[in-house]
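Peer 1: Below is start.txt; it holds compact mmCIF, C-alpha atoms.
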```txt
# COMPACT_ATOMS: atom_id res chain seq x y z
CA MET A 1056 -12.39 13.85 45.19
CA THR A 1057 -13.94 12.98 41.86
CA GLN A 1058 -13.38 13.97 38.29
CA PRO A 1059 -14.75 17.39 37.44
CA LEU A 1060 -18.06 17.40 35.53
CA ASP A 1061 -16.95 19.93 32.91
CA ILE A 1062 -20.42 21.43 32.71
CA LEU A 1063 -20.57 25.21 32.45
CA VAL A 1064 -23.23 27.25 34.20
CA GLU A 1065 -25.72 29.35 32.28
CA THR A 1066 -25.13 33.10 32.50
CA PRO A 1067 -27.52 34.58 35.06
CA SER A 1068 -30.42 36.61 33.73
CA GLN A 1069 -30.92 40.28 34.48
CA THR A 1070 -34.03 42.32 33.84
CA ALA A 1071 -34.48 43.70 30.33
CA GLY A 1072 -35.27 47.02 31.99
CA PRO A 1073 -37.47 49.86 30.77
CA TYR A 1074 -35.44 50.54 27.63
CA VAL A 1075 -35.46 47.07 26.06
CA HIS A 1076 -37.09 48.59 22.98
CA ILE A 1077 -33.89 50.48 22.16
CA GLY A 1078 -32.00 47.24 21.73
CA CYS A 1079 -34.66 44.99 20.24
CA ILE A 1080 -37.12 47.19 18.33
CA PRO A 1081 -35.39 50.57 18.03
CA THR A 1082 -37.83 52.08 15.53
CA PHE A 1083 -40.63 51.53 18.09
CA THR A 1084 -38.91 54.09 20.31
CA GLY A 1085 -38.07 56.46 17.49
CA ILE A 1086 -34.49 55.37 16.81
CA GLU A 1087 -34.59 55.12 13.05
CA GLY A 1088 -31.92 54.66 10.44
CA VAL A 1089 -29.48 52.65 12.58
CA TYR A 1090 -30.57 49.24 11.29
CA PRO A 1091 -31.80 48.43 7.81
CA GLU A 1092 -34.84 46.84 9.49
CA ASP A 1093 -35.94 45.80 12.98
CA LEU A 1094 -35.98 42.04 13.48
CA GLY A 1095 -39.21 40.13 13.95
CA LEU A 1096 -41.61 42.68 12.51
CA SER A 1097 -43.82 39.82 11.28
CA PRO A 1098 -43.74 36.02 11.64
CA ILE A 1099 -45.24 35.58 8.16
CA GLU A 1100 -44.86 36.93 4.65
CA ASP A 1101 -47.62 37.30 2.08
CA GLY A 1102 -48.56 33.90 0.73
CA ALA A 1103 -48.05 31.98 3.96
CA LYS A 1104 -50.26 28.91 3.99
CA GLY A 1105 -53.04 28.61 6.53
CA GLU A 1106 -55.51 30.82 8.32
CA VAL A 1107 -54.28 34.32 9.07
CA ILE A 1108 -55.27 35.24 12.60
CA THR A 1109 -54.91 38.24 14.88
CA ILE A 1110 -54.38 37.90 18.61
CA VAL A 1111 -54.92 40.93 20.83
CA GLY A 1112 -54.24 41.15 24.55
CA SER A 1113 -52.53 42.86 27.43
CA VAL A 1114 -49.98 41.95 30.08
CA TYR A 1115 -51.35 42.77 33.53
CA ASP A 1116 -49.26 43.23 36.66
CA GLY A 1117 -50.36 42.08 40.10
CA THR A 1118 -52.52 45.16 40.62
CA GLY A 1119 -54.46 44.58 37.41
CA TRP A 1120 -52.69 47.39 35.55
CA ALA A 1121 -52.03 46.76 31.83
CA MET A 1122 -48.28 47.17 31.53
CA ARG A 1123 -47.20 49.76 28.95
CA ASP A 1124 -43.58 48.67 28.73
CA ALA A 1125 -43.66 44.89 28.14
CA MET A 1126 -41.94 43.38 25.12
CA ILE A 1127 -43.03 39.99 23.87
CA GLU A 1128 -41.50 37.48 21.49
CA SER A 1129 -43.39 34.65 19.84
CA TRP A 1130 -42.15 31.47 18.19
CA GLN A 1131 -44.32 29.01 16.32
CA PRO A 1132 -44.42 26.47 13.49
CA ASP A 1133 -46.26 26.87 10.21
CA ALA A 1134 -49.81 25.68 9.53
CA ALA A 1135 -48.53 22.12 9.13
CA GLY A 1136 -46.69 22.11 12.45
CA LEU A 1137 -43.21 22.51 10.97
CA PHE A 1138 -40.70 25.03 12.29
CA ALA A 1139 -38.59 27.22 10.03
CA GLY A 1140 -35.54 25.25 8.94
CA GLN A 1141 -37.26 21.86 9.12
CA ASP A 1142 -37.69 19.89 5.91
CA GLY A 1143 -40.84 20.95 4.10
CA ALA A 1144 -41.53 23.98 6.28
CA ASP A 1145 -43.44 26.86 4.65
CA PRO A 1146 -40.77 29.31 3.43
CA LYS A 1147 -43.18 32.20 4.04
CA VAL A 1148 -43.31 31.49 7.79
CA SER A 1149 -40.30 32.67 9.82
CA GLY A 1150 -42.30 31.86 12.94
CA PHE A 1151 -40.66 34.61 15.00
CA CYS A 1152 -42.24 37.89 16.00
CA ARG A 1153 -41.46 40.72 18.37
CA PHE A 1154 -44.17 43.04 19.56
CA ALA A 1155 -44.61 45.53 22.35
CA ALA A 1156 -47.45 46.69 24.50
CA ASP A 1157 -48.83 49.95 23.17
CA LYS A 1158 -47.35 52.80 25.20
CA ASP A 1159 -50.76 54.40 25.70
CA SER A 1160 -53.21 51.48 26.01
CA GLY A 1161 -50.94 48.61 26.99
CA GLU A 1162 -52.50 46.41 24.31
CA PHE A 1163 -50.44 44.18 22.00
CA THR A 1164 -51.34 42.70 18.62
CA LEU A 1165 -49.90 39.61 16.95
CA ARG A 1166 -50.85 38.88 13.35
CA THR A 1167 -49.76 35.45 12.18
CA VAL A 1168 -50.96 32.15 10.75
CA LYS A 1169 -52.60 29.62 13.00
CA PRO A 1170 -49.95 27.01 13.78
CA GLY A 1171 -50.41 23.29 13.25
CA ALA A 1172 -50.10 20.61 15.88
CA VAL A 1173 -46.49 19.65 16.73
CA LYS A 1174 -45.10 16.13 16.96
CA GLY A 1175 -42.77 15.65 19.93
CA ARG A 1176 -40.58 12.75 21.03
CA ASN A 1177 -42.00 9.30 21.52
CA GLY A 1178 -45.32 9.90 19.81
CA GLN A 1179 -46.35 12.98 21.75
CA VAL A 1180 -48.55 15.44 19.87
CA PHE A 1181 -49.00 19.00 21.09
CA ALA A 1182 -52.16 20.90 20.21
CA PRO A 1183 -51.59 24.01 18.07
CA HIS A 1184 -49.86 26.67 20.14
CA ILE A 1185 -47.59 29.70 19.96
CA SER A 1186 -44.68 29.98 22.40
CA ILE A 1187 -44.46 33.32 24.17
CA TRP A 1188 -41.59 35.01 26.04
CA ILE A 1189 -42.27 38.18 28.05
CA VAL A 1190 -39.65 40.63 29.27
CA ALA A 1191 -39.95 44.03 30.93
CA ARG A 1192 -38.68 46.22 33.72
CA GLY A 1193 -39.32 44.33 36.97
CA ILE A 1194 -39.20 40.91 35.30
CA ASN A 1195 -35.90 39.45 36.46
CA ILE A 1196 -35.94 36.47 34.11
CA GLY A 1197 -38.08 36.27 30.97
CA LEU A 1198 -41.44 34.53 31.44
CA ASN A 1199 -42.44 31.68 29.13
CA THR A 1200 -45.98 30.63 28.39
CA ARG A 1201 -48.00 29.36 25.42
CA ILE A 1202 -51.06 30.51 23.52
CA TYR A 1203 -53.43 27.63 22.78
CA PHE A 1204 -56.74 28.16 20.98
CA GLU A 1205 -60.30 27.82 22.22
CA ASP A 1206 -61.48 26.37 18.89
CA GLU A 1207 -58.90 23.55 18.78
CA ASP A 1208 -58.98 20.19 20.51
CA ASN A 1209 -56.66 20.68 23.47
CA SER A 1210 -57.88 17.62 25.39
CA ALA A 1211 -54.84 15.43 24.70
CA ASP A 1212 -52.12 18.06 24.93
CA PRO A 1213 -49.31 16.64 27.10
CA LEU A 1214 -48.37 20.01 28.60
CA LEU A 1215 -51.89 21.16 29.46
CA ALA A 1216 -52.48 17.72 30.99
CA ARG A 1217 -49.80 18.51 33.57
CA ILE A 1218 -51.76 21.39 35.06
CA GLU A 1219 -53.29 20.08 38.27
CA GLN A 1220 -55.78 22.89 38.91
CA ARG A 1221 -57.93 22.53 35.80
CA PRO A 1222 -59.36 26.06 35.80
CA ARG A 1223 -55.79 27.33 35.33
CA VAL A 1224 -55.67 25.67 31.89
CA ASP A 1225 -57.90 28.51 30.68
CA THR A 1226 -55.10 31.02 31.31
CA MET A 1227 -53.22 29.52 28.34
CA ILE A 1228 -56.15 29.43 25.92
CA ALA A 1229 -56.95 32.31 23.56
CA LYS A 1230 -60.66 33.18 23.38
CA LYS A 1231 -62.21 33.57 19.97
CA THR A 1232 -63.65 37.06 19.52
CA GLY A 1233 -64.60 36.91 15.85
CA ASP A 1234 -63.64 35.51 12.49
CA GLY A 1235 -59.90 34.92 12.78
CA THR A 1236 -59.54 37.08 15.88
CA TYR A 1237 -58.63 36.05 19.41
CA ARG A 1238 -58.08 37.60 22.81
CA PHE A 1239 -55.19 36.45 25.01
CA ASP A 1240 -54.48 38.27 28.26
CA ILE A 1241 -51.45 37.53 30.41
CA ARG A 1242 -51.65 38.03 34.17
CA LEU A 1243 -48.29 38.03 35.90
CA GLN A 1244 -49.59 37.66 39.44
CA GLY A 1245 -52.70 37.24 41.56
CA GLU A 1246 -56.20 36.23 40.55
CA GLY A 1247 -56.18 34.40 37.23
CA GLU A 1248 -52.37 34.23 37.19
CA THR A 1249 -51.15 32.81 33.89
CA VAL A 1250 -49.42 29.45 33.97
CA PHE A 1251 -45.74 30.16 33.28
CA LEU A 1252 -43.45 27.45 32.03
CA ASP A 1253 -40.04 25.98 32.81
CA LEU A 1254 -39.24 23.76 29.82
CA MET B 1056 -32.46 22.52 11.96
CA THR B 1057 -29.66 20.18 12.93
CA ASP B 1058 -30.19 19.34 16.57
CA THR B 1059 -33.39 18.28 18.30
CA ALA B 1060 -31.97 16.93 21.55
CA ALA B 1061 -33.68 18.00 24.77
CA LEU B 1062 -32.40 21.09 26.53
CA MET B 1063 -30.71 20.77 29.88
CA PRO B 1064 -33.14 21.98 32.55
CA ARG B 1065 -32.63 25.60 33.48
CA ARG B 1066 -30.81 25.93 36.79
CA ARG B 1067 -33.16 28.41 38.38
CA GLU B 1068 -30.96 28.82 41.47
CA VAL B 1069 -28.37 30.57 39.30
CA HIS B 1070 -30.89 33.17 38.17
CA PRO B 1071 -32.57 35.95 40.12
CA ASP B 1072 -35.71 35.20 42.04
CA PRO B 1073 -38.66 36.86 40.29
CA TYR B 1074 -39.65 38.64 43.51
CA PHE B 1075 -36.97 40.85 45.04
CA LEU B 1076 -38.02 43.31 47.70
CA ASP B 1077 -35.31 45.91 47.04
CA TYR B 1078 -36.19 46.05 43.33
CA LYS B 1079 -39.62 47.54 43.78
CA THR B 1080 -41.02 46.99 40.29
CA SER B 1081 -40.47 43.24 40.65
CA ILE B 1082 -42.97 43.07 43.51
CA THR B 1083 -46.04 43.32 41.26
CA ARG B 1084 -44.42 41.77 38.19
CA SER B 1085 -43.37 38.42 39.66
CA PRO B 1086 -45.52 35.30 39.41
CA SER B 1087 -46.50 34.00 42.85
CA LEU B 1088 -47.39 30.47 41.71
CA PRO B 1089 -44.79 27.84 40.77
CA LEU B 1090 -43.64 27.46 37.19
CA LEU B 1091 -44.84 24.35 35.35
CA SER B 1092 -41.71 22.29 34.72
CA MET B 1093 -41.31 19.52 32.19
CA GLU B 1094 -38.87 18.30 29.57
CA SER B 1095 -38.39 20.61 26.62
CA THR B 1096 -40.40 19.98 23.45
CA PRO B 1097 -39.80 20.98 19.81
CA SER B 1098 -41.25 24.42 20.56
CA GLU B 1099 -38.33 25.13 22.90
CA GLU B 1100 -35.70 23.07 21.05
CA THR B 1101 -36.07 24.98 17.78
CA GLY B 1102 -35.67 28.71 17.35
CA PRO B 1103 -35.25 31.55 14.90
CA ARG B 1104 -32.00 31.93 12.97
CA PHE B 1105 -30.79 35.23 11.59
CA GLY B 1106 -28.33 35.58 8.74
CA HIS B 1107 -25.70 38.21 8.10
CA ASN B 1108 -27.91 39.51 5.29
CA LYS B 1109 -30.20 41.03 7.95
CA LEU B 1110 -27.36 43.13 9.35
CA GLY B 1111 -25.90 46.43 8.23
CA ALA B 1112 -22.17 47.14 8.08
CA LEU B 1113 -22.20 49.46 11.13
CA ASP B 1114 -24.64 47.47 13.27
CA ASN B 1115 -21.81 46.39 15.61
CA ASN B 1116 -20.33 49.86 16.02
CA LEU B 1117 -22.30 51.99 18.47
CA ILE B 1118 -19.76 54.79 18.17
CA SER B 1119 -20.78 55.50 14.61
CA ASN B 1120 -23.97 53.61 13.72
CA PHE B 1121 -26.44 56.29 14.83
CA THR B 1122 -25.03 58.78 12.33
CA GLN B 1123 -24.09 56.05 9.86
CA GLY B 1124 -20.47 57.12 10.14
CA LYS B 1125 -20.91 60.88 9.75
CA ALA B 1126 -19.89 61.72 13.32
CA LEU B 1127 -18.66 59.88 16.41
CA ALA B 1128 -20.29 59.45 19.81
CA VAL B 1129 -18.79 61.14 22.89
CA GLY B 1130 -17.16 58.92 25.49
CA GLU B 1131 -14.36 56.50 26.31
CA ARG B 1132 -13.92 54.25 23.33
CA ILE B 1133 -14.18 50.57 24.25
CA ARG B 1134 -14.26 47.26 22.46
CA VAL B 1135 -16.39 44.52 24.02
CA HIS B 1136 -15.71 40.98 22.91
CA GLY B 1137 -16.12 37.39 24.01
CA ARG B 1138 -17.60 34.05 23.15
CA VAL B 1139 -21.05 32.54 23.36
CA LEU B 1140 -20.85 28.97 24.65
CA ASP B 1141 -23.40 26.47 25.87
CA GLU B 1142 -23.33 24.46 29.09
CA THR B 1143 -21.43 21.64 27.38
CA GLY B 1144 -18.63 24.08 26.59
CA ARG B 1145 -19.29 24.10 22.85
CA PRO B 1146 -19.26 27.44 21.05
CA VAL B 1147 -22.61 28.70 19.76
CA PRO B 1148 -21.86 29.84 16.19
CA HIS B 1149 -23.91 32.16 13.99
CA THR B 1150 -26.18 33.43 16.71
CA LEU B 1151 -27.47 36.95 17.16
CA VAL B 1152 -26.14 39.14 20.00
CA GLU B 1153 -27.93 42.45 20.58
CA VAL B 1154 -26.81 45.21 22.96
CA TRP B 1155 -28.25 48.46 24.23
CA GLN B 1156 -26.94 51.02 26.69
CA ALA B 1157 -26.97 54.57 28.03
CA ASN B 1158 -24.67 57.22 26.58
CA ALA B 1159 -21.47 58.40 28.27
CA GLY B 1160 -23.50 60.68 30.56
CA GLY B 1161 -25.86 57.91 31.68
CA ARG B 1162 -28.84 58.89 29.50
CA TYR B 1163 -30.86 56.63 27.22
CA ARG B 1164 -32.38 57.79 23.96
CA HIS B 1165 -35.88 56.86 25.13
CA ILE B 1166 -39.04 58.83 25.81
CA LYS B 1167 -39.24 57.39 29.33
CA ASP B 1168 -35.73 58.55 30.33
CA THR B 1169 -36.02 62.03 31.84
CA TYR B 1170 -32.62 62.21 33.56
CA PHE B 1171 -31.09 65.64 32.87
CA ALA B 1172 -27.79 64.34 31.55
CA PRO B 1173 -27.89 65.44 27.90
CA LEU B 1174 -28.53 63.24 24.90
CA ASP B 1175 -25.53 62.79 22.62
CA PRO B 1176 -26.67 63.78 19.12
CA ASN B 1177 -24.30 61.16 17.72
CA PHE B 1178 -25.33 58.21 19.90
CA GLY B 1179 -28.37 55.95 19.51
CA GLY B 1180 -27.45 53.22 21.98
CA CYS B 1181 -28.17 49.99 20.14
CA GLY B 1182 -25.99 47.48 18.34
CA ARG B 1183 -26.08 43.91 17.13
CA THR B 1184 -23.79 41.29 15.68
CA ILE B 1185 -23.67 37.58 14.88
CA THR B 1186 -21.14 35.17 16.39
CA ASP B 1187 -18.63 33.59 14.02
CA GLU B 1188 -18.10 29.85 13.58
CA ASN B 1189 -16.25 29.75 16.92
CA GLY B 1190 -18.98 31.56 18.83
CA TYR B 1191 -16.90 34.75 18.94
CA TYR B 1192 -18.40 38.24 18.82
CA GLU B 1193 -17.18 41.80 19.22
CA PHE B 1194 -18.48 45.32 19.01
CA MET B 1195 -17.21 48.85 19.47
CA THR B 1196 -18.94 51.34 21.73
CA ILE B 1197 -18.38 54.00 24.37
CA ARG B 1198 -18.37 53.23 28.07
CA PRO B 1199 -21.90 53.95 29.34
CA GLY B 1200 -22.29 56.30 32.29
CA ALA B 1201 -23.79 55.34 35.63
CA TYR B 1202 -27.14 56.96 36.36
CA PRO B 1203 -29.71 57.42 39.12
CA TRP B 1204 -33.08 55.70 38.84
CA PRO B 1205 -36.37 55.89 40.68
CA ASN B 1206 -36.43 52.97 43.11
CA ARG B 1207 -35.29 53.72 46.63
CA ALA B 1208 -34.46 57.38 47.28
CA ASN B 1209 -30.86 57.28 46.06
CA ASP B 1210 -30.33 54.25 43.85
CA TRP B 1211 -27.80 54.32 41.02
CA ARG B 1212 -27.23 51.82 38.26
CA PRO B 1213 -23.60 50.83 37.79
CA MET B 1214 -22.21 51.22 34.30
CA HIS B 1215 -23.72 48.40 32.28
CA ILE B 1216 -24.53 47.13 28.81
CA HIS B 1217 -27.70 45.11 28.20
CA PHE B 1218 -27.25 41.89 26.23
CA SER B 1219 -29.87 39.85 24.37
CA ILE B 1220 -28.79 36.43 23.07
CA PHE B 1221 -30.77 33.93 21.03
CA GLY B 1222 -28.78 30.69 20.77
CA HIS B 1223 -30.31 28.14 18.42
CA ALA B 1224 -33.38 27.27 20.47
CA PHE B 1225 -36.22 29.44 21.77
CA GLY B 1226 -35.63 27.83 25.18
CA GLN B 1227 -32.08 29.25 25.25
CA ARG B 1228 -33.33 32.82 24.97
CA LEU B 1229 -31.57 35.05 27.48
CA ILE B 1230 -31.34 38.72 28.40
CA SER B 1231 -28.71 39.87 30.87
CA GLN B 1232 -26.40 42.78 31.66
CA MET B 1233 -22.63 43.23 31.54
CA TYR B 1234 -20.97 45.24 34.30
CA PHE B 1235 -17.45 46.70 34.38
CA GLN B 1236 -14.58 45.56 36.57
CA GLY B 1237 -13.98 47.83 39.54
CA ASP B 1238 -17.26 49.75 39.48
CA PRO B 1239 -18.12 50.44 43.16
CA LEU B 1240 -21.82 50.83 42.32
CA ILE B 1241 -22.18 47.11 41.55
CA ASP B 1242 -22.21 46.33 45.26
CA LEU B 1243 -24.96 48.89 45.88
CA CYS B 1244 -27.31 48.05 43.03
CA PRO B 1245 -30.55 46.20 43.85
CA ILE B 1246 -30.85 44.92 40.26
CA ALA B 1247 -27.37 43.40 40.38
CA ALA B 1248 -28.28 42.01 43.80
CA THR B 1249 -31.21 40.05 42.34
CA VAL B 1250 -28.49 37.50 41.50
CA ARG B 1251 -28.14 36.24 45.04
CA ASP B 1252 -24.99 34.17 44.72
CA ARG B 1253 -22.09 36.61 44.55
CA SER B 1254 -19.94 34.19 42.56
CA GLN B 1255 -22.67 34.14 39.91
CA LEU B 1256 -22.95 37.93 39.88
CA ASP B 1257 -19.18 38.09 39.38
CA ARG B 1258 -19.74 36.28 36.07
CA LEU B 1259 -21.58 39.36 34.82
CA VAL B 1260 -18.57 41.62 35.52
CA ALA B 1261 -16.32 42.01 32.47
CA PRO B 1262 -12.59 42.30 33.18
CA LEU B 1263 -10.41 44.93 31.57
CA ASP B 1264 -8.50 43.13 28.82
CA MET B 1265 -5.33 45.07 28.07
CA GLN B 1266 -3.96 42.45 25.69
CA ASN B 1267 -6.93 43.07 23.41
CA SER B 1268 -6.87 46.84 23.85
CA ARG B 1269 -5.22 49.11 21.31
CA GLY B 1270 -2.91 51.96 22.28
CA MET B 1271 -4.15 55.47 21.40
CA ASP B 1272 -7.50 53.98 20.39
CA TYR B 1273 -9.64 51.81 22.71
CA LEU B 1274 -9.74 49.72 25.89
CA ALA B 1275 -11.09 46.18 25.65
CA TYR B 1276 -13.43 44.30 27.97
CA LYS B 1277 -14.05 40.58 27.72
CA PHE B 1278 -17.53 39.16 28.28
CA ASP B 1279 -18.26 35.46 27.73
CA ILE B 1280 -21.84 34.23 27.78
CA VAL B 1281 -23.11 30.72 28.53
CA LEU B 1282 -26.48 29.51 27.24
CA ARG B 1283 -28.38 26.33 28.12
CA GLY B 1284 -26.96 23.16 26.58
CA ARG B 1285 -28.54 20.02 25.16
CA ARG B 1286 -28.32 16.55 26.61
CA GLN B 1287 -26.09 14.42 24.43
CA THR B 1288 -27.41 10.86 24.35
CA MET B 1289 -28.60 8.25 21.93
CA PHE B 1290 -31.01 6.74 24.45
CA GLU B 1291 -33.98 9.09 24.19
CA ASN B 1292 -35.78 8.28 20.97
CA LYS B 1293 -37.44 5.02 21.85
CA PRO B 1294 -38.58 2.85 18.97
CA GLU B 1295 -42.29 2.04 18.89
CA GLY B 1296 -43.31 -0.41 21.60
CA MET B 1297 -40.40 0.08 23.95
```
What does this structure look like when you write it as structure tokens?

Peer 2:
Amino acid sequence: MTQPLDILVETPSQTAGPYVHIGCIPTFTGIEGVYPEDLGLSPIEDGAKGEVITIVGSVYDGTGWAMRDAMIESWQPDAAGLFAGQDGADPKVSGFCRFAADKDSGEFTLRTVKPGAVKGRNGQVFAPHISIWIVARGINIGLNTRIYFEDEDNSADPLLARIEQRPRVDTMIAKKTGDGTYRFDIRLQGEGETVFLDL
Amino acid sequence: MTDTAALMPRRREVHPDPYFLDYKTSITRSPSLPLLSMESTPSEETGPRFGHNKLGALDNNLISNFTQGKALAVGERIRVHGRVLDETGRPVPHTLVEVWQANAGGRYRHIKDTYFAPLDPNFGGCGRTITDENGYYEFMTIRPGAYPWPNRANDWRPMHIHFSIFGHAFGQRLISQMYFQGDPLIDLCPIAATVRDRSQLDRLVAPLDMQNSRGMDYLAYKFDIVLRGRRQTMFENKPEGM
């Protein structure tokens, strides 16, 4: 026998199911007047510093179908790479957003500021990126990935460097489609499967 | 932000496998390639915080929040309460807990739910609250009904309440479901069965808590939640050159 470790075990995940919108973004599904305001309507307020960008994309299942029922959360720092709550962070950037695939087209839109590079432990620097968490019916535990940007220098990013099959790096990089606009598609399975993270 | 220590790695064996044959929708919505694992970074170690100022007075009362107190929802009145802890056993204070559920007849107020159990005009089905300084939360609701769902020909969901918990770090983000003690449908449900280890599934089953129930008013159910913890060490931030 030994001493017990006294470490608890994380509560197991269960799927968010088809009705996740009721709990997280009730006005999206027509439930109005319960809350003063849904959380995470926008990651920025007017006056946020930096370039305002719009990212459009879809979440595709293994058959190539754009899912109509996915809900996504994003988390990011401000234009200087500081997260809300850190000293000097832009008070106009909450950094958190919730958005859903359109129920007719399956397309999502995220309007935010372009994040700055992030300093990690021991001198690591991560290229500008937005953390993404995807939940839906059929997803048993939320899927994490990141949006990097085609027009940034991603060559020294410590996370992207860990991807052995180099063509897969592209699955985490948003493509520039115009002035301040990007396309980022997420493929859950099969050809072009997005790199999902366990951090 | 007060804590930037690395998160403990997620114990994936505790969680459902993404692909689970008996839960048909998971077949095309599960990644087939391995996840990329590495130590957490500031993007996972920080996370959004929500203050009480974002919440309304009835947000944690699903019995009355849809009508803003004008009328009460139909169903067995229950109080659900518990603590949010992390793997180190510390309470997680001031963190957002969101819930959503079907009404007493097993019907959701959602355009996609076409089950013929009627909507309750006084029930919306969502609630939220913030844990106190000891990680404690509670809300009032009605016991949700079980309901059939399109999977195999005769699959039924046990009574359940969906939970969404934030913690203090984006890497702690968790969505799960609370089941009710004694519900025979738990053993038959392919979604519950995605948690393969029965002792882990049991942790999603809330016990009846008579000591916290109130006579002539409500039954109580206790549901504790554990989020990922952080490694506690002074040995990780190496000075330059080490």

Peer 1: Up to 12 Å from (-43.7, 39.4, 8.0) in the file's coordinates: name the residues, counting only C-alpha atoms, as an mmCIF file with C-alpha atoms, keeping the file's coordinate frame.

Peer 2:
```cif
data_model
loop_
_atom_site.group_PDB
_atom_site.id
_atom_site.type_symbol
_atom_site.label_atom_id
_atom_site.label_comp_id
_atom_site.auth_asym_id
_atom_site.auth_seq_id
_atom_site.Cartn_x
_atom_site.Cartn_y
_atom_site.Cartn_z
ATOM 1 C CA GLU A 1092 -34.840 46.840 9.490
ATOM 2 C CA ASP A 1093 -35.940 45.800 12.980
ATOM 3 C CA LEU A 1094 -35.980 42.040 13.480
ATOM 4 C CA GLY A 1095 -39.210 40.130 13.950
ATOM 5 C CA LEU A 1096 -41.610 42.680 12.510
ATOM 6 C CA SER A 1097 -43.820 39.820 11.280
ATOM 7 C CA PRO A 1098 -43.740 36.020 11.640
ATOM 8 C CA ILE A 1099 -45.240 35.580 8.160
ATOM 9 C CA GLU A 1100 -44.860 36.930 4.650
ATOM 10 C CA ASP A 1101 -47.620 37.300 2.080
ATOM 11 C CA GLY A 1102 -48.560 33.900 0.730
ATOM 12 C CA ALA A 1103 -48.050 31.980 3.960
ATOM 13 C CA VAL A 1107 -54.280 34.320 9.070
ATOM 14 C CA PRO A 1146 -40.770 29.310 3.430
ATOM 15 C CA LYS A 1147 -43.180 32.200 4.040
ATOM 16 C CA VAL A 1148 -43.310 31.490 7.790
ATOM 17 C CA SER A 1149 -40.300 32.670 9.820
ATOM 18 C CA GLY A 1150 -42.300 31.860 12.940
ATOM 19 C CA PHE A 1151 -40.660 34.610 15.000
ATOM 20 C CA CYS A 1152 -42.240 37.890 16.000
ATOM 21 C CA ARG A 1153 -41.460 40.720 18.370
ATOM 22 C CA LEU A 1165 -49.900 39.610 16.950
ATOM 23 C CA ARG A 1166 -50.850 38.880 13.350
ATOM 24 C CA THR A 1167 -49.760 35.450 12.180
ATOM 25 C CA VAL A 1168 -50.960 32.150 10.750
#
```

Peer 1: Could you please tell me, as a PyMOL selection string, which residues of chain B have an atom within 6 Å of chain A when using all atoms listed in the file?

Peer 2: chain B and resi 1056+1069-1070+1073+1080-1081+1083-1084+1086-1087+1090-1095+1120-1121+1142-1143+1154-1155+1181+1230-1232+1280-1283

Peer 1: At a cut-off of 12 Å from (-22.7, 24.3, 21.9) in the coordinates of the file, what residues are picked up using all atoms listed in the file, written as number ranges by chain?

Peer 2: A: 1062-1063, 1065; B: 1058, 1060, 1062-1063, 1138-1150, 1188-1190, 1222-1224, 1227, 1280-1287

Peer 1: Using only C-alpha atoms, find the one residue out of A:Phe1204, A:Ala1121, A:Pro1059, A:Gly1171 that sits nearest to Gly1105 in chain A.

Peer 2: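 Among A:Phe1204, A:Ala1121, A:Pro1059, A:Gly1171, it is A:Gly1171 that comes nearest to Gly1105 in chain A.
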
Peer 1: With all atoms listed in the file as the atoms that count, which of B:Gly1226, B:Gly1182, B:Pro1173, B:Gly1270 lies nearest to Arg1065 in chain B?

Peer 2: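 Among the listed residues, the smallest separation from Arg1065 in chain B belongs to B:Gly1226.
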
Peer 1: I'd like the interatomic distance between CA of Arg1207 in chain B and CA of Met1126 in chain A, to a tenth of an Å.

Peer 2: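 Distance between the two atoms: 24.8 Å.
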
Peer 1: If we count all atoms listed in the file, what is near range 1159-1162 of chain B at a cut-off of 10 Å, once residues fewer than 6 positions away on the same chain are taken out, given as a list in words?

Peer 2: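 Residues near the query, excluding close chain neighbours: Ala1128, Val1129, Gly1130, Glu1131, Arg1132, Asp1168, Thr1169, Tyr1170, Phe1171, Ala1172, Pro1173, Leu1174, Asp1175, Phe1178, Gly1180, Thr1196, Ile1197, Arg1198, Pro1199, Gly1200, Ala1201, Tyr1202, Pro1203, Arg1212, Pro1213, Met1214 and His1215 of chain B.
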
Peer 1: So that I can check the surroundings of Asn1115 in chain B, please list as a PyMOL selection string every protein, DNA and RNA residue that reaches within 7 Å of it, counting all atoms listed in the file and ignoring chain neighbours fewer than 4 positions away.

Peer 2: chain B and resi 1182-1184+1194-1195
